[in-house]
Structure formats: C-alpha cells, structure tokens
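Below is one structure, written out as structure tokens; the observations come after it.
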Amino acid sequence: MSVSAETRGGFRRLETPSLGQFAEAAEVCYTRWDYMRELDSPARFEAFQKLKVELCVLVNADGVMQCVGYLVPSRVEVNGETLRWYYMFQVASRPEAAGAGALLIRQVMKWYPAVFGMGITPDAERLYQAFRWQPFEGFWRGVHPLNVPRLLKDFGGRITDPRLRRLAEGSAGLANFFGTSAEMICSLGAGAAPWKPLDGKGAVVGTYLGMFCCGEVRAADVGGTGRLLSSIGTGTLRQHAAIWRVLRKRGARLCEVLLSSEKERKRAWLTGYIPIPLQVWCWDREGILARAIPALRARGFTFLDTDKVI
C-alpha cells in the first residue's frame with residue numbers, strides 16, 4: 001500500500017533507541033536487504049547504543065515501523081572549532097509503504113542541519129537532487145573482488161545488462177581460481193592476525209566484527225564485506241594480499257578501501273584495488289560539511305571514520 005493519511009504524520013526521532021527498537025528497525029531493512037541478517041546481532045545493537053546511533057522512523061497508525069533510517073554522529077576539529085554532523089545509512093521501507101523513504105528523508109532534513117550520505121544509489125541520487133542536497137566529487141571505493149559468486153548473488157541485481165550479468169556469472173569460478181592463486185603468490189611470507197583495538201570506535205565495533213591486521217594494514221569483515229580501516233598508502237602489496245586471504249577464507253565478497261583524492265585513486269591500481277566512483281550527497285543547511293570534508297581529506301579519511309564500519 002502507499003503511505004496513507006494515518007501514517008503520513010507518524011514520524012519519530014529516537015535519540016536513544018532500545019535494543020528492541022533496533023531489532024524492529026532491522027526487520028524493516030531485511031525486506032530490502034535480507035543478507036544483512038548475517039551482520040545484525042544483539043552485540044551490534046549494543047554497539048549502536050555506545051556509538052549513540054539514532055533512529056528516525058515512520059510508523060503506521062498501530063505504531064509499527066514502516067520506514068527507518070539510522071544516523072550516527074561524527075565530528076572533526078577545524079581551527080579550534082568542533083564541527084558536528086551525522087552519517088545516514090540503511091534507509092529502508094516496507095514494500096507496501098511506497099514513497100515512505102522520500103517522506104522520511106524530508107523529515108530528517110528538518111531535524112538535522114548536516115547529514116553525510118555515502119554510497120548513494122542512482123534512485124536515491126535523483127531524490128537528493130530534487131531535495132537540493134549537495135554532491136561532493138572526488139570520492140571512490142577501491143574494490144578487490146574475493147568471493148565472486150557471493151558478490152553476484154548479493155549485488156548482481158545492480159548489473160542492468162542481462163548479457164553482462166550472464167558473462168559475469170559464467171566466469172565467476174574462474175575469477176575465484178585466479179584470484180586465490182594471485183593472492184597466495186603476493187602474500188608469500190606474510191600473514192594476517194586477529195586485531196582487537198583497545199579504545200575508540202574500533203574497540204566498540206570489535207565486539208561483534210571480525211577485525212584483522214598485517215603490519216599497519218587493518219581491516220574489518222562487515223557482514224561479508226571487508227573494509228580497510230587504514231588508508232591506501234599504508235603497508236605493502238604483500239600485506240594487503242595477506243588481508244585478502246584471511247577475508248577470502250571467511251567467505252567475504254570483496255575488500256574495499258575509501259579513496260578521497262586523485263593521488264589515492266592512482267595508488268589503488270598499484271595496490272590491487274579497482275577504483276569505482278563513490279557517490280556522496282550531503283544535506284548541509286549551515287555549511288558545516290563544506291568545511292569538514294576538506295579537513296577530513298587533509299588529515300586522512302578511512303572507512304572507520306564513516307558509517308561503513310558499524
């Protein structure tokens with residue numbers, strides 16, 4: 001069903017959600033991304049509470065969540081001033097609540113002066129453009145494929161050309177064979193070990209995510225997607241290959257690294273990652289992110305700074 005008059009006004013901002021509310025919101029997300037069941041757990045929801053993750057929800061007349069969005073706070077110091085914003089992630093609505101996502105985002109714009117959206121889909125891009133969000137160029141995700149069959153199973157629907165998708169599916173086994181062989185050769189003499197940070201955000205997410213290191217190269221397995229917690233300029237190809245091997249053994253789809261400059265994009269090719277443009281759209285009513293993003297790029301910006309590792 002489309003959003004009715006009864007649900008249209010049912011917005012709630014949950015600044016300190018309970019574990020039960022996080023679990024209810026997760027059920028809405030599963031109607032869109034069923035594979036996220038692997039990532040969610042009571043430990044993850046407890047980490048959300050420690051990281052002060054908020055929920056914005058649209059409920060029906062019975063109080064049942066129809067659309068949800070998660071927001072996690074962040075900040076950076078710029079010339080002695082603390083700039084604060086939220087990363088928004090996992091915006092999802094039930095199939096029967098057509099149009100709910102747009103209504104929720106419009107409400108979020110009223111509640112939050114600065115919202116950072118990273119990895120925006122084409123459909124959402126059109127919505128953000130209509131709502132006059134600001135795009136930021138110069139971001140990429142550097143991708144190293146690992147378990148290609150699983151990658152296609154979970155994300156293959158994004159390949160719109162049927163012929164290209166059939167070609168990818170037909171060559172998936174061969175890609176896995178050559179990838180495994182190349183990583184064994186490149187990682188000779190190096191091995192990745194479990195890593196448990198003692199403080200900060202890493203210590204919080206380490207309570208439920210598998211985390212690994214090889215030298216200064218660090219990564220987390222975020223529900224089957226490996227994400228580097230260090231920059232592309234950290235470590236050697238051999239150390240990166242050791243990280244890929246341990247992630248591959250866990251069945252991860254891919255390993256990716258955040259690239260926020262042209263220099264990093266060029267280095268990614270030399271380190272075994274394929275740069276893919278990363279869509280970034282921001283709601284920046286007070287110009288906070290226009291000042292924060294250059295500062296983040298200057299100091300070094302990794303997935304650990306974002307919503308992508310929670």
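Chain identifiers are assigned as A, B, and so on, following the order in which chains appear in the structure tokens; residues are numbered from 1 within each chain, and ligands are numbered from 1 in order of appearance.
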Item to check | strand (DSSP E or B) per DSSP on the backbone: members of region 100-276 of chain A, as a PyMOL selection string | outcome: chain A and resi 114-118+134-135+140-145+193-194+210-214+217-222+225-228+254-259+274-276
Checklist entry - Residues at most 6 Å from region 107-123 of chain A, counting only C-alpha atoms, excluding those fewer than 5 positions away in the same chain, as a PyMOL selection string? => result chain A and resi 85-88+278-285
Next on the checklist: Could you pull out the helix (DSSP H, G or I) residues of region 7-196 of chain A, going by DSSP on the backbone, and write them as a ChimeraX atom specification?
Outcome noted: /A:7-8,19-30,34-38,42-50,100-111,122-130,148-158,162-170,172-186
Output C-alpha atoms for every residue in the selection just made, as a short mmCIF file (atom, residue, chain, number, x, y, z; two decimals), in the first residue's frame.
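Dumped everything to result_17.cif:
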data_model
loop_
_atom_site.label_atom_id
_atom_site.label_comp_id
_atom_site.auth_asym_id
_atom_site.auth_seq_id
_atom_site.Cartn_x
_atom_site.Cartn_y
_atom_site.Cartn_z
CA THR A 7 0.95 7.16 8.55
CA ARG A 8 1.99 10.37 6.85
CA LEU A 19 17.65 -2.86 21.73
CA GLY A 20 14.09 -3.85 20.83
CA GLN A 21 13.66 -0.76 18.65
CA PHE A 22 16.90 -1.52 16.81
CA ALA A 23 15.70 -5.08 16.26
CA GLU A 24 12.35 -3.83 14.92
CA ALA A 25 14.10 -1.40 12.56
CA ALA A 26 16.33 -4.23 11.35
CA GLU A 27 13.26 -6.24 10.32
CA VAL A 28 12.27 -3.38 8.02
CA CYS A 29 15.75 -3.44 6.46
CA TYR A 30 15.52 -7.19 5.81
CA ASP A 34 17.92 -9.96 3.52
CA TYR A 35 21.69 -10.65 3.56
CA MET A 36 22.03 -8.13 6.42
CA ARG A 37 20.72 -10.78 8.83
CA GLU A 38 24.29 -12.10 8.90
CA PRO A 42 22.31 -8.07 19.91
CA ALA A 43 26.02 -7.21 20.15
CA ARG A 44 25.71 -4.94 17.11
CA PHE A 45 22.68 -3.19 18.57
CA GLU A 46 24.54 -2.71 21.86
CA ALA A 47 27.40 -1.15 19.89
CA PHE A 48 24.87 1.17 18.23
CA GLN A 49 23.90 2.39 21.69
CA LYS A 50 27.53 3.03 22.65
CA ALA A 100 7.84 6.44 2.65
CA GLY A 101 11.58 6.85 2.10
CA ALA A 102 11.17 10.27 0.49
CA LEU A 103 8.90 11.42 3.30
CA LEU A 104 11.37 10.24 5.93
CA ILE A 105 14.34 11.97 4.29
CA ARG A 106 12.39 15.21 4.06
CA GLN A 107 11.68 14.96 7.78
CA VAL A 108 15.34 14.20 8.55
CA MET A 109 16.24 17.45 6.78
CA LYS A 110 14.11 19.32 9.31
CA TRP A 111 15.68 17.62 12.32
CA PRO A 122 21.02 6.08 -8.56
CA ASP A 123 17.39 6.19 -7.41
CA ALA A 124 18.35 7.96 -4.19
CA GLU A 125 20.57 10.38 -6.12
CA ARG A 126 17.57 11.63 -8.07
CA LEU A 127 15.71 12.12 -4.81
CA TYR A 128 18.57 14.01 -3.14
CA GLN A 129 18.96 16.18 -6.19
CA ALA A 130 15.27 17.05 -6.05
CA VAL A 148 32.76 -13.53 -6.87
CA PRO A 149 29.75 -15.95 -6.81
CA ARG A 150 28.62 -14.47 -3.49
CA LEU A 151 29.26 -10.95 -4.77
CA LEU A 152 26.97 -11.60 -7.74
CA LYS A 153 24.34 -13.28 -5.57
CA ASP A 154 24.06 -10.28 -3.25
CA PHE A 155 24.76 -7.39 -5.63
CA GLY A 156 24.35 -8.84 -9.13
CA GLY A 157 20.96 -7.20 -9.46
CA ARG A 158 22.78 -3.90 -9.91
CA PRO A 162 21.43 -9.25 -18.78
CA ARG A 163 24.24 -10.29 -21.13
CA LEU A 164 26.90 -8.73 -18.94
CA ARG A 165 25.42 -10.38 -15.87
CA ARG A 166 25.41 -13.82 -17.54
CA LEU A 167 29.02 -13.31 -18.57
CA ALA A 168 29.97 -12.39 -15.01
CA GLU A 169 28.15 -15.41 -13.58
CA GLY A 170 29.73 -17.75 -16.13
CA ALA A 172 32.85 -16.32 -11.53
CA GLY A 173 34.51 -19.67 -10.76
CA LEU A 174 37.50 -18.89 -12.97
CA ALA A 175 37.88 -15.46 -11.38
CA ASN A 176 37.94 -17.06 -7.95
CA PHE A 177 40.62 -19.55 -9.00
CA PHE A 178 42.97 -16.93 -10.44
CA GLY A 179 42.27 -14.53 -7.55
CA THR A 180 43.15 -17.14 -4.94
CA SER A 181 46.35 -18.08 -6.78
CA ALA A 182 47.48 -14.47 -7.19
CA GLU A 183 46.87 -13.68 -3.52
CA MET A 184 48.89 -16.73 -2.41
CA ILE A 185 51.84 -15.59 -4.52
CA CYS A 186 51.63 -11.92 -3.50
#
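The gap separating CA of Ala252 (chain A) from CA of Asp305 (chain A) is 21.3 Å, in Å to one decimal.
Restricting the calculation to only C-alpha atoms, the smallest distance between Gly287 (chain A) and any of A:Thr306, A:Thr225, A:Thr31, A:Gln134 is found for A:Gln134.
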Next on the checklist: What's around Arg75 (chain A) at 8 Å? Count only C-alpha atoms, leave out sequence neighbours fewer than 5 positions away in its own chain, and write the answer as a list in words.
Outcome noted: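 These residues fall inside the cut-off: Thr82, Leu83, Arg84 and Trp85 of chain A.
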Write out the residues from the selection above, keeping N, CA and C atoms, as an mmCIF file, in the first residue's frame.
data_model
loop_
_atom_site.group_PDB
_atom_site.id
_atom_site.type_symbol
_atom_site.label_atom_id
_atom_site.label_comp_id
_atom_site.auth_asym_id
_atom_site.auth_seq_id
_atom_site.Cartn_x
_atom_site.Cartn_y
_atom_site.Cartn_z
ATOM 1 N N THR A 82 34.768 22.733 16.822
ATOM 2 C CA THR A 82 34.274 21.376 16.620
ATOM 3 C C THR A 82 33.085 21.410 15.665
ATOM 4 N N LEU A 83 33.248 20.760 14.508
ATOM 5 C CA LEU A 83 32.167 20.663 13.527
ATOM 6 C C LEU A 83 31.495 19.306 13.693
ATOM 7 N N ARG A 84 30.166 19.302 13.787
ATOM 8 C CA ARG A 84 29.418 18.078 14.057
ATOM 9 C C ARG A 84 28.407 17.804 12.948
ATOM 10 N N TRP A 85 28.240 16.534 12.616
ATOM 11 C CA TRP A 85 27.258 16.112 11.621
ATOM 12 C C TRP A 85 26.878 14.668 11.887
#
Next on the checklist: What's around Pro275 (chain A) at 12 Å? Count only C-alpha atoms, leave out sequence neighbours fewer than 4 positions away in its own chain, and write the answer as a PyMOL selection string.
Outcome noted: chain A and resi 138-145+232+255-271
